[in-house]
$ cat model21.pdb   # PDB, C-alpha atoms and all ligand atoms
MODEL        1
ATOM      1  CA  MET W  15      -4.033  -6.678  29.554
ATOM      2  CA  GLY W  16      -1.696  -7.782  32.305
ATOM      3  CA  CYS W  17      -2.780 -11.371  31.663
ATOM      4  CA  GLY W  18      -0.346 -12.721  34.258
ATOM      5  CA  THR W  19      -0.497 -16.484  34.569
ATOM      6  CA  GLY W  20      -3.835 -16.512  32.767
ATOM      7  CA  LEU W  21      -6.417 -16.778  35.530
ATOM      8  CA  VAL W  22      -8.857 -14.492  33.717
ATOM      9  CA  GLY W  23      -7.969 -16.134  30.416
ATOM     10  CA  GLN W  24      -8.929 -19.507  31.861
ATOM     11  CA  TYR W  25     -12.327 -18.183  33.005
ATOM     12  CA  LEU W  26     -12.938 -16.679  29.574
ATOM     13  CA  HIS W  27     -11.924 -19.917  27.886
ATOM     14  CA  ASP W  28     -14.226 -21.891  30.198
ATOM     15  CA  ASP W  29     -17.026 -19.545  29.114
ATOM     16  CA  GLY W  30     -16.401 -20.334  25.460
ATOM     17  CA  PHE W  31     -14.044 -17.567  24.328
ATOM     18  CA  ARG W  32     -11.502 -18.964  21.866
ATOM     19  CA  ASN W  33      -9.716 -15.967  20.378
ATOM     20  CA  ILE W  34      -7.851 -14.721  23.455
ATOM     21  CA  VAL W  35      -4.640 -12.684  23.248
ATOM     22  CA  GLY W  36      -2.776 -12.158  26.530
ATOM     23  CA  LEU W  37      -0.451  -9.168  27.041
ATOM     24  CA  ASP W  38       1.988  -8.899  29.904
ATOM     25  CA  ALA W  39       5.310  -7.214  30.659
ATOM     26  CA  SER W  40       6.723 -10.276  32.395
ATOM     27  CA  PRO W  41       8.176 -13.112  30.304
ATOM     28  CA  GLY W  42       8.027 -15.312  33.397
ATOM     29  CA  MET W  43       4.289 -14.760  33.803
ATOM     30  CA  LEU W  44       3.710 -15.424  30.115
ATOM     31  CA  LYS W  45       5.723 -18.643  30.308
ATOM     32  CA  GLU W  46       3.645 -19.726  33.298
ATOM     33  CA  ALA W  47       0.427 -18.947  31.399
ATOM     34  CA  GLU W  48       1.647 -20.996  28.465
ATOM     35  CA  THR W  49       2.740 -24.017  30.475
ATOM     36  CA  THR W  50      -0.020 -24.155  33.088
ATOM     37  CA  LYS W  51      -2.911 -23.240  30.772
ATOM     38  CA  PRO W  52      -2.069 -24.675  27.370
ATOM     39  CA  GLY W  53      -4.549 -23.795  24.647
ATOM     40  CA  VAL W  54      -6.224 -21.000  26.591
ATOM     41  CA  HIS W  55      -4.532 -18.130  24.739
ATOM     42  CA  LYS W  56      -4.287 -17.961  20.973
ATOM     43  CA  GLU W  57      -1.349 -15.609  21.386
ATOM     44  CA  LEU W  58       0.773 -14.346  24.276
ATOM     45  CA  VAL W  59       2.552 -11.029  23.786
ATOM     46  CA  GLU W  60       5.317  -9.517  25.909
ATOM     47  CA  LEU W  61       4.524  -5.830  26.180
ATOM     48  CA  PHE W  62       5.153  -3.169  28.805
ATOM     49  CA  LEU W  63       1.881  -1.245  28.896
ATOM     50  CA  GLY W  64       1.841   2.461  29.642
ATOM     51  CA  SER W  65       3.069   4.042  26.384
ATOM     52  CA  PRO W  66       0.092   4.713  24.107
ATOM     53  CA  SER W  67       2.279   6.655  21.653
ATOM     54  CA  THR W  68       4.275   3.503  20.861
ATOM     55  CA  TYR W  69       1.412   1.023  21.167
ATOM     56  CA  PRO W  70       2.010  -1.728  18.594
ATOM     57  CA  GLU W  71       0.065  -1.196  15.384
ATOM     58  CA  ASN W  72      -0.865  -4.859  15.102
ATOM     59  CA  LEU W  73      -2.809  -4.589  18.377
ATOM     60  CA  GLN W  74      -4.745  -1.472  17.394
ATOM     61  CA  GLY W  75      -8.446  -1.609  16.476
ATOM     62  CA  ARG W  76      -8.262  -5.387  16.730
ATOM     63  CA  PHE W  77     -10.368  -6.482  19.698
ATOM     64  CA  ASP W  78     -14.065  -6.831  20.511
ATOM     65  CA  VAL W  79     -13.310  -6.925  24.249
ATOM     66  CA  VAL W  80     -10.348  -5.979  26.431
ATOM     67  CA  THR W  81     -10.091  -7.008  30.068
ATOM     68  CA  ALA W  82      -7.811  -5.885  32.878
ATOM     69  CA  SER W  83      -7.818  -7.402  36.329
ATOM     70  CA  GLY W  84      -5.158  -6.822  38.957
ATOM     71  CA  ILE W  85      -3.197  -4.204  37.015
ATOM     72  CA  LEU W  86      -5.090  -1.058  37.975
ATOM     73  CA  ALA W  87      -3.338  -1.332  41.288
ATOM     74  CA  ASP W  88      -0.403  -0.219  43.450
ATOM     75  CA  ASN W  89       2.868  -0.148  41.473
ATOM     76  CA  HIS W  90       1.165  -0.997  38.221
ATOM     77  CA  LEU W  91      -0.524   1.184  35.663
ATOM     78  CA  ASP W  92      -1.487   4.813  35.388
ATOM     79  CA  ASN W  93      -4.233   6.385  33.272
ATOM     80  CA  SER W  94      -2.432   5.681  30.026
ATOM     81  CA  VAL W  95      -3.791   2.135  30.169
ATOM     82  CA  PHE W  96      -7.263   3.503  29.340
ATOM     83  CA  GLU W  97      -5.849   5.036  26.155
ATOM     84  CA  GLU W  98      -4.318   1.669  25.308
ATOM     85  CA  MET W  99      -7.654  -0.045  25.914
ATOM     86  CA  LEU W 100      -9.324   2.352  23.473
ATOM     87  CA  LEU W 101      -6.520   1.882  20.959
ATOM     88  CA  SER W 102      -6.948  -1.907  21.166
ATOM     89  CA  LEU W 103     -10.712  -1.920  20.675
ATOM     90  CA  LYS W 104     -12.806  -1.887  17.545
ATOM     91  CA  ASN W 105     -15.533   0.769  17.575
ATOM     92  CA  GLY W 106     -18.351  -0.588  19.731
ATOM     93  CA  GLY W 107     -15.940  -2.890  21.581
ATOM     94  CA  LEU W 108     -16.030  -3.310  25.352
ATOM     95  CA  ALA W 109     -13.410  -2.469  27.985
ATOM     96  CA  ILE W 110     -14.060  -4.509  31.126
ATOM     97  CA  PHE W 111     -11.841  -3.978  34.148
ATOM     98  CA  ALA W 112     -11.755  -3.889  37.924
ATOM     99  CA  THR W 113      -9.960  -1.877  40.554
ATOM    100  CA  ARG W 114     -10.296  -0.996  44.209
ATOM    101  CA  THR W 115     -12.650   1.892  44.926
ATOM    102  CA  GLU W 116      -9.852   3.693  46.800
ATOM    103  CA  TYR W 117      -7.643   3.593  43.668
ATOM    104  CA  LEU W 118     -10.214   5.502  41.610
ATOM    105  CA  GLU W 119      -9.182   8.582  43.564
ATOM    106  CA  LYS W 120      -5.650   7.637  44.672
ATOM    107  CA  TYR W 121      -4.455   7.114  41.085
ATOM    108  CA  SER W 122      -7.003   9.448  39.437
ATOM    109  CA  TYR W 123      -8.472   6.538  37.485
ATOM    110  CA  GLY W 124     -11.997   7.783  38.231
ATOM    111  CA  PRO W 125     -11.548  11.344  36.892
ATOM    112  CA  TYR W 126      -9.800  10.030  33.779
ATOM    113  CA  MET W 127     -12.564   7.497  33.107
ATOM    114  CA  LYS W 128     -15.097  10.334  33.479
ATOM    115  CA  LYS W 129     -13.052  12.573  31.159
ATOM    116  CA  LEU W 130     -13.150   9.903  28.440
ATOM    117  CA  GLU W 131     -16.908   9.704  28.930
ATOM    118  CA  ASP W 132     -17.309  13.491  28.760
ATOM    119  CA  GLU W 133     -15.234  13.539  25.575
ATOM    120  CA  GLY W 134     -17.582  10.977  24.023
ATOM    121  CA  ARG W 135     -14.829   8.408  23.578
ATOM    122  CA  TRP W 136     -16.552   5.685  25.551
ATOM    123  CA  LYS W 137     -19.813   5.242  27.466
ATOM    124  CA  LEU W 138     -20.495   3.421  30.705
ATOM    125  CA  ILE W 139     -22.505   0.235  30.207
ATOM    126  CA  LYS W 140     -22.251  -1.290  33.677
ATOM    127  CA  ASN W 141     -20.620  -0.672  37.062
ATOM    128  CA  ILE W 142     -20.791  -3.068  39.994
ATOM    129  CA  LYS W 143     -19.305  -2.937  43.484
ATOM    130  CA  PHE W 144     -18.038  -5.959  45.347
ATOM    131  CA  GLY W 145     -15.957  -6.873  48.383
ATOM    132  CA  ARG W 146     -12.355  -8.118  48.141
ATOM    133  CA  TYR W 147     -10.420 -10.105  50.767
ATOM    134  CA  ASP W 148     -13.592 -10.173  52.846
ATOM    135  CA  SER W 149     -12.711 -13.431  54.569
ATOM    136  CA  GLN W 150      -9.433 -12.094  56.004
ATOM    137  CA  LYS W 151      -9.528 -11.282  59.688
ATOM    138  CA  GLU W 152      -6.276  -9.288  59.608
ATOM    139  CA  ARG W 153      -4.505  -7.073  57.133
ATOM    140  CA  VAL W 154      -1.623  -8.786  55.291
ATOM    141  CA  GLY W 155       0.398  -6.057  53.581
ATOM    142  CA  ARG W 156      -1.986  -4.215  51.290
ATOM    143  CA  PHE W 157      -4.438  -7.114  51.368
ATOM    144  CA  ASN W 158      -7.244  -6.116  53.680
ATOM    145  CA  PRO W 159     -11.006  -6.305  53.300
ATOM    146  CA  THR W 160     -11.866  -3.537  50.862
ATOM    147  CA  GLU W 161     -14.441  -2.476  48.301
ATOM    148  CA  ALA W 162     -13.658  -2.936  44.624
ATOM    149  CA  GLN W 163     -15.540  -2.086  41.451
ATOM    150  CA  ALA W 164     -15.838  -3.561  37.996
ATOM    151  CA  PHE W 165     -16.632  -1.395  34.988
ATOM    152  CA  CYS W 166     -17.766  -2.062  31.475
ATOM    153  CA  TYR W 167     -17.323   0.780  28.967
ATOM    154  CA  GLN W 168     -18.175   0.707  25.292
ATOM    155  CA  LYS W 169     -15.872   2.449  22.825
ATOM    156  CA  ILE W 170     -17.801   4.994  20.768
TER     157      ILE W 170
HETATM  158  C1  LIG S   1      -2.063  -9.444  39.609
HETATM  159  S1  LIG S   1      -1.347  -9.874  38.092
HETATM  160  C2  LIG S   1      -2.745  -9.988  37.035
HETATM  161  C3  LIG S   1      -3.334 -11.349  37.002
HETATM  162  C4  LIG S   1      -4.045 -11.652  35.713
HETATM  163  N1  LIG S   1      -5.075 -10.690  35.393
HETATM  164  C5  LIG S   1      -4.599 -13.066  35.641
HETATM  165  O1  LIG S   1      -5.717 -13.220  35.168
HETATM  166  O2  LIG S   1      -3.891 -14.010  36.010
HETATM  167  C6  LIG S   1      -0.639  -8.356  37.507
HETATM  168  C7  LIG S   1       0.084  -8.537  36.188
HETATM  169  O3  LIG S   1       0.272  -7.251  35.602
HETATM  170  C8  LIG S   1       1.507  -7.284  34.939
HETATM  171  N2  LIG S   1       1.939  -5.896  34.753
HETATM  172  C9  LIG S   1       2.203  -4.976  35.698
HETATM  173  N3  LIG S   1       2.560  -3.803  35.136
HETATM  174  C10 LIG S   1       2.514  -4.016  33.794
HETATM  175  C11 LIG S   1       2.772  -3.187  32.665
HETATM  176  N4  LIG S   1       3.168  -1.912  32.792
HETATM  177  N5  LIG S   1       2.618  -3.713  31.430
HETATM  178  C12 LIG S   1       2.216  -4.996  31.277
HETATM  179  N6  LIG S   1       1.967  -5.830  32.298
HETATM  180  C13 LIG S   1       2.110  -5.339  33.547
HETATM  181  C14 LIG S   1       2.414  -8.101  35.843
HETATM  182  O4  LIG S   1       3.520  -8.623  35.127
HETATM  183  C15 LIG S   1       1.460  -9.174  36.325
HETATM  184  O5  LIG S   1       1.518 -10.327  35.527
ENDMDL
END

$ encode --input "model21.pdb" --output "structure tokens" --more "lines below"
Ligand SMILES: C[S@@+](CC[C@H](N)C(=O)[O-])C[C@H]1O[C@@H](n2cnc3c(N)ncnc32)[C@H](O)[C@@H]1O
Amino acid sequence: MGCGTGLVGQYLHDDGFRNIVGLDASPGMLKEAETTKPGVHKELVELFLGSPSTYPENLQGRFDVVTASGILADNHLDNSVFEEMLLSLKNGGLAIFATRTEYLEKYSYGPYMKKLEDEGRWKLIKNIKFGRYDSQKERVGRFNPTEAQAFCYQKI
């Protein structure tokens, strides 16, 4: 989700994944993914995420794994993306995503993730913390050394 130019797709492909579908709102990003990383994605889909009620039927219940990196961020997605992750997954499938620790509270991602857990819709499999932009001496815009977290939830 938010596959951009396909950086994550390339890593997945390098690790042996061959059935990768990339979704992104930007036709320019999708074009870049297609031209710079030919053969990485089986399918590239232009889709503006954030509307679970109109989420395309052909993407529902289809995936073993969904990933999101760099879209749970400033000016990007709200909590509705978690509903779209669950819609996309088969039962037992994995949602794997990362965000800054500060965004868990700032955008209420954390409470919503917990709500889904409390409702028995997914369960936490793994959570790791890591540093981002650690090598930067000075802040450049919003890019400053900060803590981020990656999560893996399993759809129940
Ligand atoms: C930082 S990039 C993500 C990079 C990507 N994960 C990769 O592996 O190359 C953020 C991407 O999210 C996409 N995006 C932002 N808001 C979106 C939305 N509402 N629906 C779909 N894509 C969105 C942008 O078009 C952009 O390509």

$ axis_aligned_box --input "model21.pdb" --around "ligand LIG 1 (chain S)" --padding-each-side "3 Å" --output "JSON"
{"center_x": -1.1, "center_y": -8.0, "center_z": 35.4, "size_x": 15.2, "size_y": 18.1, "size_z": 14.3}

$ resolve_selection --input "model21.pdb" --expression "the PyMOL selection byres (((chain W and resi 32) around 8) and not hetatm)" --output "ChimeraX atom specification"
/W:27,30-31,33-34,54-56

$ atom_distance --input "model21.pdb" --atom1 "atom CA of W:Ala162" --atom2 "atom CA of W:Phe62"
24.6 Å

$ residues_around --input "model21.pdb" --residues "W:Pro66" --least-positions-apart "4" --cutoff "8 Å" --atoms "only C-alpha atoms" --output "list of chain:residue names"
W:Ser94, W:Val95, W:Glu97, W:Glu98, W:Leu101

$ residues_around --input "model21.pdb" --residues "stretch 81-88 of chain W" --least-positions-apart "3" --cutoff "7 Å" --atoms "all atoms listed in the file" --output "PyMOL selection string"
chain W and resi 15-16+91+109-113+117

$ closest_residue --input "model21.pdb" --among "W:Lys104, W:His90, W:Lys129, W:Lys137" --to "ligand LIG 1 (chain S)" --atoms "only C-alpha atoms and all ligand atoms"
W:His90

$ atom_distance --input "model21.pdb" --atom1 "atom CA of W:Leu108" --atom2 "atom CA of W:Lys45"
27.1 Å

$ atom_distance --input "model21.pdb" --atom1 "atom CA of W:Arg146" --atom2 "atom CA of W:Gly42"
26.2 Å

$ closest_residue --input "model21.pdb" --among "W:Ser65, W:Gln24, W:Asn72, W:Asn105" --to "W:Thr50" --atoms "all atoms listed in the file"
W:Gln24

$ closest_residue --input "model21.pdb" --among "W:Asp92, W:Pro70, W:Thr160, W:Gly53" --to "ligand LIG 1 (chain S)" --atoms "all atoms listed in the file"
W:Asp92

$ resolve_selection --input "model21.pdb" --expression "the PyMOL selection byres (((chain W and resi 106) around 9) and not hetatm)" --output "ChimeraX atom specification"
/W:78,103-105,107-108,136,168-170

$ residues_near_point --input "model21.pdb" --point "(0.5, -11.4, 33.8)" --cutoff "6 Å" --atoms "all atoms listed in the file" --output "PDB file with C-alpha atoms, in the coordinates of the input"
ATOM      1  CA  GLY W  16      -1.696  -7.782  32.305  1.00  0.00           C
ATOM      2  CA  CYS W  17      -2.780 -11.371  31.663  1.00  0.00           C
ATOM      3  CA  GLY W  18      -0.346 -12.721  34.258  1.00  0.00           C
ATOM      4  CA  THR W  19      -0.497 -16.484  34.569  1.00  0.00           C
ATOM      5  CA  ASP W  38       1.988  -8.899  29.904  1.00  0.00           C
ATOM      6  CA  MET W  43       4.289 -14.760  33.803  1.00  0.00           C
TER       7      MET W  43
END

$ resolve_selection --input "model21.pdb" --expression "the PyMOL selection byres (((chain W and resi 143-145) around 10) and not hetatm)" --output "list in words"
Ala112, Thr113, Arg114, Thr115, Asn141, Ile142, Arg146, Tyr147, Asp148, Ser149, Pro159, Thr160, Glu161, Ala162, Gln163, Ala164 and Phe165 of chain W
